[in-house]
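Notes for the one structure printed next.
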Amino acid sequence: MSRIKVGVIGVGNCFAGLVQGIEYYKRNKKQKIGLMHEKIGGYGIEAIDFVSSWDVGENKIGKPLSEAIYMEPNMVDWVDSVSTCSGIVKESPILDGVGVYVASMIKPIKQMKSVKEIEKEAIEEIEKTGTKILINYLPVGSQKATEFWADVSLKTGCAFINCIPVFIASDKKWGKKFAEKKLPVIGDDVKGQIGATIVHRILSKMCADRGTVIDKTYQINVGGNSVTGDQEIILIVDGKTKNVKIGEFIDGFMEKHKIVRADGKEIVITKDLPQTIECLTVNEDYDIKTVKVDAFIRHHISEPIYEIETEEGRRIKITGDHNLFVLDDNGELKNIPVKDLKENESFVAVPASLTIEKEEESINLRPYVSMVNAEGIDDGGYLRIHNHPELRIPVGKFAEKVGFIQPKKNHKLFKILKNKRKVETTRRIPNLRSLRDIWPVKSKTWHRNQTVEARVVLSQLEKIKNEKFKERIRQVCEGDVKFLKVRRIQKISSNKKTMVYDISTKPYERFICSNFLVHNTDFANMLERERLQSKKISKTEAVQSQLSQRLDDENIYVGPSDFIPFLGNRKLAFIRIEGRMFADVPFNMELRLDVDDKANSGGIVIDAIRCAQLALDRGVGGPLVEASAYLMKHPPLQMSDDESKRKLDEWIKRMSIH
């Protein structure tokens, strides 16, 4: 078989996942999990070569494609190198391919060339490399940029695979252009192997097929809401550390600086503020770091609020869909909705301690003075306040500069200093199944223990053969994060006047609030809702097409994801269906889906490439209806997923006959 020569537009996370996924299968030849078709028209995945590429990121242009897939902000590291990429990343026209609020994240090149010059160079590159298929992986909302590349595809005789919700294959005028040139086009908007839309479609189709009526349904692709306004957060404002109530602090900026979104959320972008504002986060090595706050968000809710209390007495009030963090079996932090936590079972991530250095004299100690004797002094010489480990107050400085009004309390304080009583600082981590599998401990209680001492784990590290996992567990044991058992979960009612708050930070997407590690909002693309309009149409129509009776607009919401493709974040979706069954009895179902968008895309595009090449081999042009219906959200012709799968398999079989 001949090689499949592919060019890619947008060297982001989704493409990095596709390339590295192919390399994974090449190295593990017996591994077939995740492939819908092992071969298409005789083409296996090993036949694919990526020979040309274009991007707008200044750190990727001019780099070998095999290196550019690892450049920031890409985050895919499934394999350490790839063998299917060649050539140098070329400059793509920016046009509308980069939104104003994400430009700083990808650092687009300062474009000096005209669109005509870039087009001429692109055509030359395609001809030189023998590229026969172009894949469009531009960000959502790139209408003009996508049309530019569709036109280049027509001029160079390339097939076109459109992975984003700009309508090319499903547009009659564009479809006609590709048909006249006898060039295949597959699109629009890649469906995802196990994505929110495909799951929503199948559930909706099942309800319709089984005689029920769907009255309302929604799909929301952003996890979480916010915390209540009385929650405390440590902020660094113009270099000075402050412990503030998040609601009072954010309210102070809203009237003058807020942007009101169509969904009612109010946003303040910190670059518009006169102050520099940072918060505390936890990095990938489990160390507490400061990070710039990108935005503050507030909005009203009517859903219940949950108060979470840990075994150490820490408390936070937070909405049920907002995420805290737990430790998964790979030693990685995993965000989990508050409503999915379980009393006396779940262990949530919290900062082990927070050192307040710049403003220790201004800390209000009134709520804590009665407990000064409860904990004593830790190994670092800090006063430990019961249930408030974030307040690490230098005991010598406190005694010298602050002290207590009452002599007897000062007497107790100096007695503590004299005796130098220290707190027992034994660290424990969740007893992960992966650790239990590594260490065949004779004790019968080992497997029943919920936690294990960090020092014990560290002493056994050499038994871990996987170096990456070993380093991760070491960081868990030695880092600034510990894991506390959830002791109590209390649901608190709210009303439409209840205001909740959130912040946005990059790159870690988490911040410390009320002594918990909390997931934050990713707001960058949320601000440009017009860029997501075609995405909403694509996702909504994908679900509507499966219903026996279309829902009115007010009864269906299939919201575009606020996920930024080139950042490669995991996608969290919440799906709800309300309807009526036999005897008009009501029912409802809810589903939470947590998926890796890079793998979701790669599992589909790997088939789209081979279908496009098969069509080129047979001289078939225009929109590939069967492939588009099965692989894309907004194809030229909507079908049910079982029908489109059957027709695609029939098409492949028919095209494969010489």
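Labels for the structure tokens follow display order: chains A, B, ..., residues from 1 in each chain, ligands from 1.
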Write out as a ChimeraX atom specification each polymer residue whose atoms come within 10 Å of A:Asp328, counting only C-alpha atoms; drop sequence neighbours fewer than 3 positions from it.
-> /A:325,331-335,430,432-434
Would you give me, as an mmCIF file with N, CA, C and O atoms, in the first residue's frame, the residues in stretch 572-654 of chain A that DSSP reads as strand (DSSP E or B)?
```cif
data_model
loop_
_atom_site.group_PDB
_atom_site.id
_atom_site.type_symbol
_atom_site.label_atom_id
_atom_site.label_comp_id
_atom_site.auth_asym_id
_atom_site.auth_seq_id
_atom_site.Cartn_x
_atom_site.Cartn_y
_atom_site.Cartn_z
ATOM 1 N N LEU A 572 -15.226 17.955 31.077
ATOM 2 C CA LEU A 572 -16.220 17.463 32.026
ATOM 3 C C LEU A 572 -17.595 17.868 31.528
ATOM 4 O O LEU A 572 -17.838 19.041 31.259
ATOM 5 N N ALA A 573 -18.490 16.879 31.376
ATOM 6 C CA ALA A 573 -19.828 17.159 30.848
ATOM 7 C C ALA A 573 -20.892 16.683 31.827
ATOM 8 O O ALA A 573 -20.753 15.631 32.462
ATOM 9 N N PHE A 574 -21.957 17.474 31.930
ATOM 10 C CA PHE A 574 -23.115 17.102 32.731
ATOM 11 C C PHE A 574 -24.328 17.060 31.805
ATOM 12 O O PHE A 574 -24.637 18.029 31.118
ATOM 13 N N ILE A 575 -25.011 15.916 31.794
ATOM 14 C CA ILE A 575 -26.154 15.711 30.903
ATOM 15 C C ILE A 575 -27.379 15.385 31.746
ATOM 16 O O ILE A 575 -27.310 14.583 32.684
ATOM 17 N N ARG A 576 -28.494 15.995 31.412
ATOM 18 C CA ARG A 576 -29.758 15.710 32.096
ATOM 19 C C ARG A 576 -30.863 15.578 31.065
ATOM 20 O O ARG A 576 -30.944 16.370 30.119
ATOM 21 N N ILE A 577 -31.714 14.577 31.246
ATOM 22 C CA ILE A 577 -32.881 14.364 30.394
ATOM 23 C C ILE A 577 -34.103 14.215 31.289
ATOM 24 O O ILE A 577 -34.105 13.406 32.223
ATOM 25 N N GLU A 578 -35.145 15.004 31.021
ATOM 26 C CA GLU A 578 -36.421 14.910 31.737
ATOM 27 C C GLU A 578 -37.502 14.533 30.735
ATOM 28 O O GLU A 578 -37.562 15.094 29.636
ATOM 29 N N GLY A 579 -38.345 13.594 31.107
ATOM 30 C CA GLY A 579 -39.395 13.173 30.185
ATOM 31 C C GLY A 579 -40.501 12.404 30.873
ATOM 32 O O GLY A 579 -40.616 12.389 32.108
ATOM 33 N N ARG A 580 -41.335 11.746 30.057
ATOM 34 C CA ARG A 580 -42.475 10.970 30.566
ATOM 35 C C ARG A 580 -42.515 9.617 29.871
ATOM 36 O O ARG A 580 -42.224 9.510 28.680
ATOM 37 N N PRO A 586 -43.516 10.635 35.047
ATOM 38 C CA PRO A 586 -42.270 11.358 34.750
ATOM 39 C C PRO A 586 -41.019 10.557 35.113
ATOM 40 O O PRO A 586 -41.042 9.684 35.987
ATOM 41 N N PHE A 587 -39.933 10.848 34.418
ATOM 42 C CA PHE A 587 -38.627 10.287 34.752
ATOM 43 C C PHE A 587 -37.572 11.345 34.472
ATOM 44 O O PHE A 587 -37.810 12.306 33.736
ATOM 45 N N ASN A 588 -36.405 11.183 35.074
ATOM 46 C CA ASN A 588 -35.267 12.028 34.721
ATOM 47 C C ASN A 588 -33.990 11.232 34.949
ATOM 48 O O ASN A 588 -33.951 10.297 35.755
ATOM 49 N N MET A 589 -32.966 11.578 34.223
ATOM 50 C CA MET A 589 -31.664 10.939 34.384
ATOM 51 C C MET A 589 -30.580 11.996 34.314
ATOM 52 O O MET A 589 -30.725 13.013 33.627
ATOM 53 N N GLU A 590 -29.510 11.762 35.059
ATOM 54 C CA GLU A 590 -28.362 12.652 35.050
ATOM 55 C C GLU A 590 -27.089 11.831 34.867
ATOM 56 O O GLU A 590 -26.974 10.716 35.382
ATOM 57 N N LEU A 591 -26.143 12.404 34.146
ATOM 58 C CA LEU A 591 -24.893 11.718 33.848
ATOM 59 C C LEU A 591 -23.742 12.703 33.929
ATOM 60 O O LEU A 591 -23.851 13.843 33.472
ATOM 61 N N ARG A 592 -22.659 12.254 34.522
ATOM 62 C CA ARG A 592 -21.417 13.027 34.541
ATOM 63 C C ARG A 592 -20.385 12.259 33.723
ATOM 64 O O ARG A 592 -20.149 11.074 33.958
ATOM 65 N N LEU A 593 -19.773 12.937 32.761
ATOM 66 C CA LEU A 593 -18.786 12.310 31.886
ATOM 67 C C LEU A 593 -17.467 13.060 31.998
ATOM 68 O O LEU A 593 -17.427 14.278 31.820
ATOM 69 N N ASP A 594 -16.396 12.345 32.289
ATOM 70 C CA ASP A 594 -15.064 12.926 32.410
ATOM 71 C C ASP A 594 -14.171 12.235 31.387
ATOM 72 O O ASP A 594 -13.905 11.037 31.492
ATOM 73 N N VAL A 595 -13.737 12.975 30.369
ATOM 74 C CA VAL A 595 -12.984 12.362 29.271
ATOM 75 C C VAL A 595 -11.781 13.219 28.894
ATOM 76 O O VAL A 595 -11.734 14.409 29.177
ATOM 77 N N ASP A 596 -10.830 12.587 28.233
ATOM 78 C CA ASP A 596 -9.661 13.278 27.697
ATOM 79 C C ASP A 596 -9.973 13.656 26.253
ATOM 80 O O ASP A 596 -10.130 12.791 25.396
ATOM 81 N N GLY A 622 -16.453 15.376 -3.153
ATOM 82 C CA GLY A 622 -17.598 15.959 -2.468
ATOM 83 C C GLY A 622 -17.688 15.476 -1.031
ATOM 84 O O GLY A 622 -16.822 14.726 -0.543
ATOM 85 N N PRO A 623 -18.710 15.887 -0.305
ATOM 86 C CA PRO A 623 -18.881 15.450 1.081
ATOM 87 C C PRO A 623 -19.039 13.933 1.168
ATOM 88 O O PRO A 623 -19.870 13.352 0.462
ATOM 89 N N MET A 632 -18.748 12.889 12.617
ATOM 90 C CA MET A 632 -18.882 14.325 12.865
ATOM 91 C C MET A 632 -20.240 14.679 13.469
ATOM 92 O O MET A 632 -21.229 13.985 13.248
#
```
Can you build me a table of stretch 60-138 of chain A residues sitting at most 8 Å from stretch 156-162 of chain A, with the closest atom pair per residue and its distance in Å to one decimal, using only C-alpha atoms, sorted by chain and residue number, as a tab-separated table?
```
residue	atom	partner	partner_atom	distance
A:Ile123	CA	A:Thr156	CA	6.5
A:Ile126	CA	A:Thr156	CA	7.2
A:Glu127	CA	A:Thr156	CA	7.4
A:Thr131	CA	A:Cys158	CA	7.2
A:Lys132	CA	A:Cys158	CA	4.7
A:Ile133	CA	A:Ala159	CA	4.6
A:Leu134	CA	A:Phe160	CA	5.0
A:Ile135	CA	A:Ile161	CA	4.8
A:Asn136	CA	A:Asn162	CA	5.0
A:Tyr137	CA	A:Asn162	CA	7.4
```
Find the residues around A:Asn283 up to 8 Å (only C-alpha atoms counted), leave out those fewer than 5 positions away in its own chain, and share them as a VMD selection string.
-> chain A and resid 288 to 289 508
Which polymer residues have any atom within 6 Å of an atom of A:Pro635, counting only C-alpha atoms, with same-chain residues fewer than 2 positions away left out, as a list in words?
->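 Contacts, with the query itself left out: Ser170, Gly187, Asp188, Ser628, Ala629, Met632 and Leu637 of chain A.
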